[in-house]
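Below is one structure, written out as structure tokens; comments come after it.
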Amino acid sequence: MDYFPLFIKLKNQPCLVVGAGEIAARKIELLARAGAKITVIAKTVSPQVAAMHLSHGLTIHQKSFETSDLHACCLVISATDDELTNQLVAATAQQQLIPVNVVDNPALCSFIFPAIIDRSPLTVAVSSGGVAPVLARLLRAKVESVISPAFGRLALLAEQFRPLVKEKIAEPAQRRIFWEEVFQGSIAELIFAGNDSAAAQQLTAQLDQRVANANRGEVYLIGAGPGAADLLTFRALRLMQQADVIVYDHLVSPEIMDLARRDAEKIYVGKERAKHTLPQESINTLLADLALAGKRVARLKGGDPFIFGRGGEEIETLMQQGIQFQVIPGITAASGCAAYAGIPLTHRDHAQSCTFVTGHLKDGTINLNWTQLAAPQQTIVVYMGLVGLERVCQALIEHGSPADLPIALVQQGTTTSQRVVTGTLATMPDKVARLNITPPTLVIIGTVVKLHEQLAWFHSGDESKSLNSL
């Protein structure tokens, strides 16, 4: 971050603008909107700036800039076409530790102007660090189109009720929850509809209800998808960013964790083969205890929480204790990894059904309906199948599947580290034994795998990670 974003209070503060042309006029307008006391120094004053003399209460000195002009000034802008003057202003200001902006010359600036979305008292600023101001303005236009002017009135409503809310809800975390509910619910919608009085009445009622139901937590059971952060659903992202605690496993990527609320507590409960941070029963209890303590808990699970994610077990515990919860589906590994590997799970010429099974070993065995799985014209997706892959391939051949039936193994699917290995039931075990394959992996079995070479569209950062041969 080349520039640290700050909002400076300039009301009734002395600010200097050197120059009085068209660009200077735009800067004067911005300073005036912030309530600054503005002095302008320029040899020539444009009609546009002269017209601001009365409307903005400007003090105008028609002369050359001198170093003494910066006395008692808290901010200075140089907007002249004279390079020597700009350099002198910048050098003098920086020597006196006065913030200075030289228009269109970032090298001489100690601060830069962002593109501003003004919804007073709400203000949004967008900056490119001075390297692409046009891009910043274009982004401002996009942001401005989705931020209604009513957001300013919503902020004023919050200002009106802030002392009362602080008085009635002493715990800061609970106050944050209350305000998030206000800003994202029916009260905000009333403001957007122009019914400010009804919004105020409902806010009062909601505050009384919140006080009566203090320390009421909630759990969000969120499917984090197969790995890529941009495959999260909108609802998943919204709830992650309002949760007080993030409980996550080893299948949740660092990129996804970066999207969580920065100040949220993060608890790792990853379960890998022969390495469980917490047993499942303890995770169930942890979620309940956090919610009973008044926390909003985001339980992040790789893929979808209801497809080999044991999400049902977790919410059973929550229901037994009367804890409120939501389930947010995610893109399961089967659909995500198959799509990114260019392997359709169903296809008119290859598979009219698709079966999801787990290859997770228990007591050294995999108890599956091998006769059903060996039937033709279907796709089999094996979750957690790396360790038991040899047994899966052997059992399918023993129950009638052809030894040359195509099979694919997708490692870290949908991410820049994705690796696809293809082979057959007969060759894949030996191939995997020779390669350094580690979880998370997904196994896809069926003639649809033949389409991989033709339909593969996603290329990982390291092309050497694609090992495709049938």
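Letters A, B, ... mark the chains of the structure tokens in the order given; residue numbers begin at 1 per chain; ligand numbers begin at 1, in order shown.
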Residue contacts of region 196-207 of chain A (12 Å, only C-alpha atoms) excluding same-chain residues fewer than 3 positions away, as an MDAnalysis selection string
chainID A and resid 150:162 164:169 174:175 177:179 181:183 185:193 210:214
Generate a file of the selected residues that holds N, CA and C atoms, formatted as a compact mmCIF listing (two decimals), in the first residue's frame.
```
# COMPACT_ATOMS: atom_id res chain seq x y z
N ALA A 150 -29.67 7.63 -0.38
CA ALA A 150 -30.34 7.38 0.90
C ALA A 150 -29.39 6.84 1.96
N PHE A 151 -28.22 6.34 1.55
CA PHE A 151 -27.27 5.86 2.55
C PHE A 151 -26.85 6.99 3.49
N GLY A 152 -26.82 8.22 2.98
CA GLY A 152 -26.51 9.35 3.84
C GLY A 152 -27.54 9.53 4.93
N ARG A 153 -28.83 9.39 4.57
CA ARG A 153 -29.90 9.50 5.58
C ARG A 153 -29.84 8.35 6.57
N LEU A 154 -29.42 7.18 6.09
CA LEU A 154 -29.28 6.04 6.98
C LEU A 154 -28.18 6.31 8.01
N ALA A 155 -27.09 6.93 7.56
CA ALA A 155 -26.00 7.28 8.49
C ALA A 155 -26.48 8.32 9.50
N LEU A 156 -27.30 9.27 9.07
CA LEU A 156 -27.84 10.27 10.00
C LEU A 156 -28.76 9.64 11.03
N LEU A 157 -29.52 8.63 10.62
CA LEU A 157 -30.37 7.91 11.57
C LEU A 157 -29.50 7.23 12.63
N ALA A 158 -28.41 6.62 12.19
CA ALA A 158 -27.50 5.97 13.14
C ALA A 158 -26.90 6.98 14.11
N GLU A 159 -26.56 8.17 13.59
CA GLU A 159 -26.02 9.22 14.45
C GLU A 159 -27.04 9.62 15.52
N GLN A 160 -28.31 9.69 15.12
CA GLN A 160 -29.36 10.08 16.06
C GLN A 160 -29.52 9.08 17.19
N PHE A 161 -29.41 7.78 16.87
CA PHE A 161 -29.67 6.74 17.86
C PHE A 161 -28.41 6.21 18.53
N ARG A 162 -27.25 6.64 18.09
CA ARG A 162 -26.02 6.07 18.61
C ARG A 162 -25.87 6.17 20.12
N LEU A 164 -28.21 6.33 22.44
CA LEU A 164 -29.19 5.46 23.08
C LEU A 164 -28.78 4.00 22.96
N VAL A 165 -28.29 3.62 21.78
CA VAL A 165 -27.85 2.23 21.57
C VAL A 165 -26.68 1.91 22.48
N LYS A 166 -25.74 2.85 22.61
CA LYS A 166 -24.58 2.63 23.48
C LYS A 166 -25.01 2.50 24.92
N GLU A 167 -26.02 3.25 25.31
CA GLU A 167 -26.52 3.18 26.68
C GLU A 167 -27.19 1.85 26.97
N LYS A 168 -27.97 1.34 26.03
CA LYS A 168 -28.75 0.13 26.27
C LYS A 168 -27.98 -1.16 25.99
N ILE A 169 -26.99 -1.09 25.10
CA ILE A 169 -26.19 -2.28 24.77
C ILE A 169 -24.75 -1.98 25.13
N GLN A 174 -21.95 -6.86 20.85
CA GLN A 174 -23.40 -6.92 20.67
C GLN A 174 -23.92 -5.67 19.96
N ARG A 175 -23.30 -4.52 20.25
CA ARG A 175 -23.70 -3.30 19.52
C ARG A 175 -23.40 -3.44 18.03
N ILE A 177 -23.35 -6.16 16.28
CA ILE A 177 -24.36 -7.05 15.71
C ILE A 177 -25.67 -6.28 15.47
N PHE A 178 -26.06 -5.49 16.47
CA PHE A 178 -27.30 -4.72 16.34
C PHE A 178 -27.24 -3.80 15.13
N TRP A 179 -26.16 -3.04 14.99
CA TRP A 179 -26.08 -2.10 13.87
C TRP A 179 -26.02 -2.82 12.52
N GLU A 181 -27.55 -5.54 11.81
CA GLU A 181 -28.94 -5.91 11.53
C GLU A 181 -29.74 -4.71 11.05
N VAL A 182 -29.49 -3.54 11.63
CA VAL A 182 -30.18 -2.32 11.21
C VAL A 182 -29.82 -1.97 9.77
N PHE A 183 -28.54 -1.99 9.46
CA PHE A 183 -28.08 -1.55 8.14
C PHE A 183 -28.39 -2.53 7.02
N GLY A 185 -31.23 -4.72 7.14
CA GLY A 185 -32.58 -5.26 7.23
C GLY A 185 -33.67 -4.29 6.83
N SER A 186 -34.84 -4.49 7.43
CA SER A 186 -36.04 -3.74 7.03
C SER A 186 -35.95 -2.25 7.39
N ILE A 187 -35.16 -1.91 8.42
CA ILE A 187 -35.02 -0.50 8.79
C ILE A 187 -34.33 0.26 7.66
N ALA A 188 -33.27 -0.31 7.12
CA ALA A 188 -32.59 0.32 5.99
C ALA A 188 -33.53 0.43 4.79
N GLU A 189 -34.35 -0.60 4.56
CA GLU A 189 -35.27 -0.57 3.42
C GLU A 189 -36.29 0.56 3.57
N LEU A 190 -36.71 0.82 4.80
CA LEU A 190 -37.64 1.94 5.02
C LEU A 190 -36.98 3.28 4.68
N ILE A 191 -35.72 3.44 5.04
CA ILE A 191 -34.99 4.66 4.68
C ILE A 191 -34.89 4.79 3.17
N PHE A 192 -34.56 3.69 2.51
CA PHE A 192 -34.43 3.73 1.04
C PHE A 192 -35.76 4.07 0.38
N ALA A 193 -36.85 3.70 1.04
CA ALA A 193 -38.18 3.99 0.50
C ALA A 193 -38.65 5.38 0.87
N ARG A 210 -33.70 -6.37 21.08
CA ARG A 210 -32.32 -6.82 21.21
C ARG A 210 -31.91 -6.87 22.69
N VAL A 211 -32.32 -5.85 23.45
CA VAL A 211 -31.99 -5.82 24.88
C VAL A 211 -32.63 -7.01 25.59
N ALA A 212 -33.86 -7.36 25.19
CA ALA A 212 -34.56 -8.47 25.83
C ALA A 212 -33.96 -9.82 25.45
N ASN A 213 -33.29 -9.87 24.31
CA ASN A 213 -32.72 -11.15 23.83
C ASN A 213 -31.20 -11.05 23.71
N ALA A 214 -30.59 -10.44 24.70
CA ALA A 214 -29.13 -10.28 24.68
C ALA A 214 -28.45 -11.64 24.71
```
Near-region 50-66 of chain A list (7 Å; only C-alpha atoms; drop same-chain fewer than 3 positions) as number ranges by chain:
A: 32, 38-47, 69
Given the selection you just returned, output its residues as a file containing C-alpha atoms, formatted as a short mmCIF file (atom, residue, chain, number, x, y, z; two decimals), in the first residue's frame.
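Generated file (selection.cif):
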```cif
data_model
loop_
_atom_site.label_atom_id
_atom_site.label_comp_id
_atom_site.auth_asym_id
_atom_site.auth_seq_id
_atom_site.Cartn_x
_atom_site.Cartn_y
_atom_site.Cartn_z
CA ALA A 32 -15.05 24.25 0.30
CA ILE A 38 -9.26 28.80 1.72
CA THR A 39 -6.57 31.20 0.62
CA VAL A 40 -5.69 31.39 -3.09
CA ILE A 41 -2.40 32.71 -4.41
CA ALA A 42 -1.96 33.25 -8.15
CA LYS A 43 -0.64 35.86 -10.54
CA THR A 44 -3.69 35.44 -12.76
CA VAL A 45 -7.14 34.58 -11.41
CA SER A 46 -9.61 32.86 -13.75
CA PRO A 47 -13.23 34.08 -13.89
CA ASP A 69 2.75 32.04 2.51
#
```
Any idea what's packed within 10 Å of Glu398 (chain A), counting only C-alpha atoms, ignoring anything in its chain fewer than 6 positions away? Could you give it as a ChimeraX atom specification?
/A:370-371,374,392
List the neighbours of region 428-430 of chain A out to 10 Å using only C-alpha atoms; skip same-chain residues closer than 3 positions along the sequence, and give me the result as a ChimeraX atom specification.
/A:386,388-394,406-409,421-425,433-435,470
Filtering to N, CA and C atoms, could you give me those residues as a short mmCIF file (atom, residue, chain, number, x, y, z; two decimals), in the first residue's frame?
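Listed below is the output, again-v6.cif:
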```
data_model
loop_
_atom_site.label_atom_id
_atom_site.label_comp_id
_atom_site.auth_asym_id
_atom_site.auth_seq_id
_atom_site.Cartn_x
_atom_site.Cartn_y
_atom_site.Cartn_z
N LEU A 386 -7.97 -41.06 -2.21
CA LEU A 386 -6.56 -41.24 -2.57
C LEU A 386 -5.95 -42.46 -1.89
N GLY A 388 -7.35 -45.13 -0.53
CA GLY A 388 -7.96 -46.39 -0.93
C GLY A 388 -8.11 -46.57 -2.42
N LEU A 389 -7.37 -45.77 -3.21
CA LEU A 389 -7.55 -45.80 -4.67
C LEU A 389 -7.29 -47.19 -5.26
N GLU A 390 -6.24 -47.85 -4.80
CA GLU A 390 -5.92 -49.18 -5.35
C GLU A 390 -7.06 -50.16 -5.10
N ARG A 391 -7.65 -50.11 -3.91
CA ARG A 391 -8.76 -50.99 -3.58
C ARG A 391 -9.98 -50.66 -4.43
N VAL A 392 -10.26 -49.40 -4.66
CA VAL A 392 -11.40 -48.99 -5.49
C VAL A 392 -11.25 -49.55 -6.90
N CYS A 393 -10.09 -49.34 -7.50
CA CYS A 393 -9.86 -49.80 -8.87
C CYS A 393 -9.97 -51.32 -8.96
N GLN A 394 -9.36 -52.02 -8.00
CA GLN A 394 -9.38 -53.48 -8.00
C GLN A 394 -10.80 -54.01 -7.86
N PRO A 406 -11.67 -45.34 -18.14
CA PRO A 406 -10.92 -44.13 -17.81
C PRO A 406 -11.17 -43.64 -16.37
N ILE A 407 -10.15 -43.07 -15.79
CA ILE A 407 -10.23 -42.53 -14.43
C ILE A 407 -9.35 -41.28 -14.36
N ALA A 408 -9.81 -40.30 -13.64
CA ALA A 408 -9.04 -39.07 -13.46
C ALA A 408 -8.92 -38.76 -11.98
N LEU A 409 -7.78 -38.22 -11.60
CA LEU A 409 -7.56 -37.74 -10.24
C LEU A 409 -7.27 -36.25 -10.32
N VAL A 421 -4.49 -35.82 -13.22
CA VAL A 421 -3.81 -37.04 -13.66
C VAL A 421 -4.87 -37.99 -14.20
N THR A 422 -4.67 -38.48 -15.40
CA THR A 422 -5.64 -39.41 -15.98
C THR A 422 -4.98 -40.75 -16.28
N GLY A 423 -5.79 -41.78 -16.30
CA GLY A 423 -5.30 -43.12 -16.58
C GLY A 423 -6.48 -44.06 -16.71
N THR A 424 -6.29 -45.33 -16.36
CA THR A 424 -7.36 -46.31 -16.37
C THR A 424 -7.39 -47.01 -15.02
N LEU A 425 -8.43 -47.83 -14.82
CA LEU A 425 -8.49 -48.58 -13.57
C LEU A 425 -7.25 -49.44 -13.38
N ALA A 433 1.32 -44.02 -7.43
CA ALA A 433 2.43 -44.42 -6.56
C ALA A 433 3.74 -43.77 -6.98
N ARG A 434 3.90 -43.49 -8.29
CA ARG A 434 5.13 -42.87 -8.79
C ARG A 434 5.14 -41.36 -8.61
N LEU A 435 3.95 -40.76 -8.50
CA LEU A 435 3.84 -39.30 -8.44
C LEU A 435 3.65 -38.84 -7.01
N LEU A 470 -4.17 -41.38 -21.17
CA LEU A 470 -5.06 -42.52 -20.91
C LEU A 470 -4.35 -43.83 -21.18
#
```
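Coordinates place CA of Ile444 (chain A) at a distance of 14.7 Å from CA of Gln418 (chain A).
Taking region 34-101 of chain A and asking which residues DSSP calls alpha helix (DSSP H) on the backbone, you get A:Pro47, A:Gln48, A:Val49, A:Ala50, A:Ala51, A:Met52, A:His53, A:Leu54, A:Ser55, A:Glu83, A:Leu84, A:Thr85, A:Asn86, A:Gln87, A:Leu88, A:Val89, A:Ala90, A:Ala91, A:Thr92, A:Ala93, A:Gln94, A:Gln95.
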Those selected residues, please, written with N, CA and C atoms and delivered as a PDB file, in the first residue's frame.
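Writing done, so here's again02.pdb:
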```pdb
ATOM      1  N   PRO A  47     -11.870  33.671 -14.247  1.00  0.00           N
ATOM      2  CA  PRO A  47     -13.231  34.080 -13.886  1.00  0.00           C
ATOM      3  C   PRO A  47     -13.936  33.050 -13.001  1.00  0.00           C
ATOM      4  N   GLN A  48     -13.646  31.758 -13.220  1.00  0.00           N
ATOM      5  CA  GLN A  48     -14.281  30.703 -12.442  1.00  0.00           C
ATOM      6  C   GLN A  48     -13.903  30.799 -10.960  1.00  0.00           C
ATOM      7  N   VAL A  49     -12.617  31.032 -10.700  1.00  0.00           N
ATOM      8  CA  VAL A  49     -12.167  31.166  -9.313  1.00  0.00           C
ATOM      9  C   VAL A  49     -12.641  32.496  -8.726  1.00  0.00           C
ATOM     10  N   ALA A  50     -12.608  33.544  -9.544  1.00  0.00           N
ATOM     11  CA  ALA A  50     -13.073  34.847  -9.059  1.00  0.00           C
ATOM     12  C   ALA A  50     -14.525  34.781  -8.616  1.00  0.00           C
ATOM     13  N   ALA A  51     -15.319  33.986  -9.323  1.00  0.00           N
ATOM     14  CA  ALA A  51     -16.740  33.866  -8.970  1.00  0.00           C
ATOM     15  C   ALA A  51     -16.935  33.138  -7.644  1.00  0.00           C
ATOM     16  N   MET A  52     -15.926  32.374  -7.217  1.00  0.00           N
ATOM     17  CA  MET A  52     -16.013  31.658  -5.945  1.00  0.00           C
ATOM     18  C   MET A  52     -15.672  32.550  -4.756  1.00  0.00           C
ATOM     19  N   HIS A  53     -15.195  33.742  -5.028  1.00  0.00           N
ATOM     20  CA  HIS A  53     -14.712  34.616  -3.966  1.00  0.00           C
ATOM     21  C   HIS A  53     -15.768  34.818  -2.881  1.00  0.00           C
ATOM     22  N   LEU A  54     -16.974  35.116  -3.277  1.00  0.00           N
ATOM     23  CA  LEU A  54     -18.042  35.349  -2.314  1.00  0.00           C
ATOM     24  C   LEU A  54     -18.722  34.046  -1.889  1.00  0.00           C
ATOM     25  N   SER A  55     -18.993  33.161  -2.867  1.00  0.00           N
ATOM     26  CA  SER A  55     -19.750  31.942  -2.556  1.00  0.00           C
ATOM     27  C   SER A  55     -18.995  31.035  -1.584  1.00  0.00           C
ATOM     28  N   GLU A  83       6.493  24.691 -13.386  1.00  0.00           N
ATOM     29  CA  GLU A  83       7.151  23.592 -12.699  1.00  0.00           C
ATOM     30  C   GLU A  83       8.002  24.071 -11.525  1.00  0.00           C
ATOM     31  N   LEU A  84       8.682  25.208 -11.707  1.00  0.00           N
ATOM     32  CA  LEU A  84       9.531  25.720 -10.627  1.00  0.00           C
ATOM     33  C   LEU A  84       8.699  26.112  -9.407  1.00  0.00           C
ATOM     34  N   THR A  85       7.556  26.736  -9.659  1.00  0.00           N
ATOM     35  CA  THR A  85       6.671  27.097  -8.545  1.00  0.00           C
ATOM     36  C   THR A  85       6.171  25.849  -7.827  1.00  0.00           C
ATOM     37  N   ASN A  86       5.762  24.855  -8.610  1.00  0.00           N
ATOM     38  CA  ASN A  86       5.277  23.609  -8.009  1.00  0.00           C
ATOM     39  C   ASN A  86       6.353  22.955  -7.148  1.00  0.00           C
ATOM     40  N   GLN A  87       7.582  22.952  -7.644  1.00  0.00           N
ATOM     41  CA  GLN A  87       8.682  22.356  -6.887  1.00  0.00           C
ATOM     42  C   GLN A  87       8.947  23.124  -5.590  1.00  0.00           C
ATOM     43  N   LEU A  88       8.882  24.456  -5.667  1.00  0.00           N
ATOM     44  CA  LEU A  88       9.113  25.277  -4.488  1.00  0.00           C
ATOM     45  C   LEU A  88       8.030  25.056  -3.442  1.00  0.00           C
ATOM     46  N   VAL A  89       6.783  25.001  -3.882  1.00  0.00           N
ATOM     47  CA  VAL A  89       5.672  24.758  -2.958  1.00  0.00           C
ATOM     48  C   VAL A  89       5.849  23.401  -2.275  1.00  0.00           C
ATOM     49  N   ALA A  90       6.162  22.382  -3.066  1.00  0.00           N
ATOM     50  CA  ALA A  90       6.296  21.030  -2.517  1.00  0.00           C
ATOM     51  C   ALA A  90       7.448  20.951  -1.524  1.00  0.00           C
ATOM     52  N   ALA A  91       8.599  21.519  -1.900  1.00  0.00           N
ATOM     53  CA  ALA A  91       9.778  21.447  -1.037  1.00  0.00           C
ATOM     54  C   ALA A  91       9.536  22.186   0.277  1.00  0.00           C
ATOM     55  N   THR A  92       8.927  23.379   0.194  1.00  0.00           N
ATOM     56  CA  THR A  92       8.663  24.172   1.399  1.00  0.00           C
ATOM     57  C   THR A  92       7.675  23.465   2.322  1.00  0.00           C
ATOM     58  N   ALA A  93       6.620  22.919   1.728  1.00  0.00           N
ATOM     59  CA  ALA A  93       5.595  22.232   2.519  1.00  0.00           C
ATOM     60  C   ALA A  93       6.166  21.003   3.210  1.00  0.00           C
ATOM     61  N   GLN A  94       6.937  20.219   2.483  1.00  0.00           N
ATOM     62  CA  GLN A  94       7.477  19.004   3.072  1.00  0.00           C
ATOM     63  C   GLN A  94       8.502  19.326   4.155  1.00  0.00           C
ATOM     64  N   GLN A  95       9.250  20.417   3.969  1.00  0.00           N
ATOM     65  CA  GLN A  95      10.204  20.834   4.987  1.00  0.00           C
ATOM     66  C   GLN A  95       9.494  21.214   6.284  1.00  0.00           C
TER      67      GLN A  95
END
```
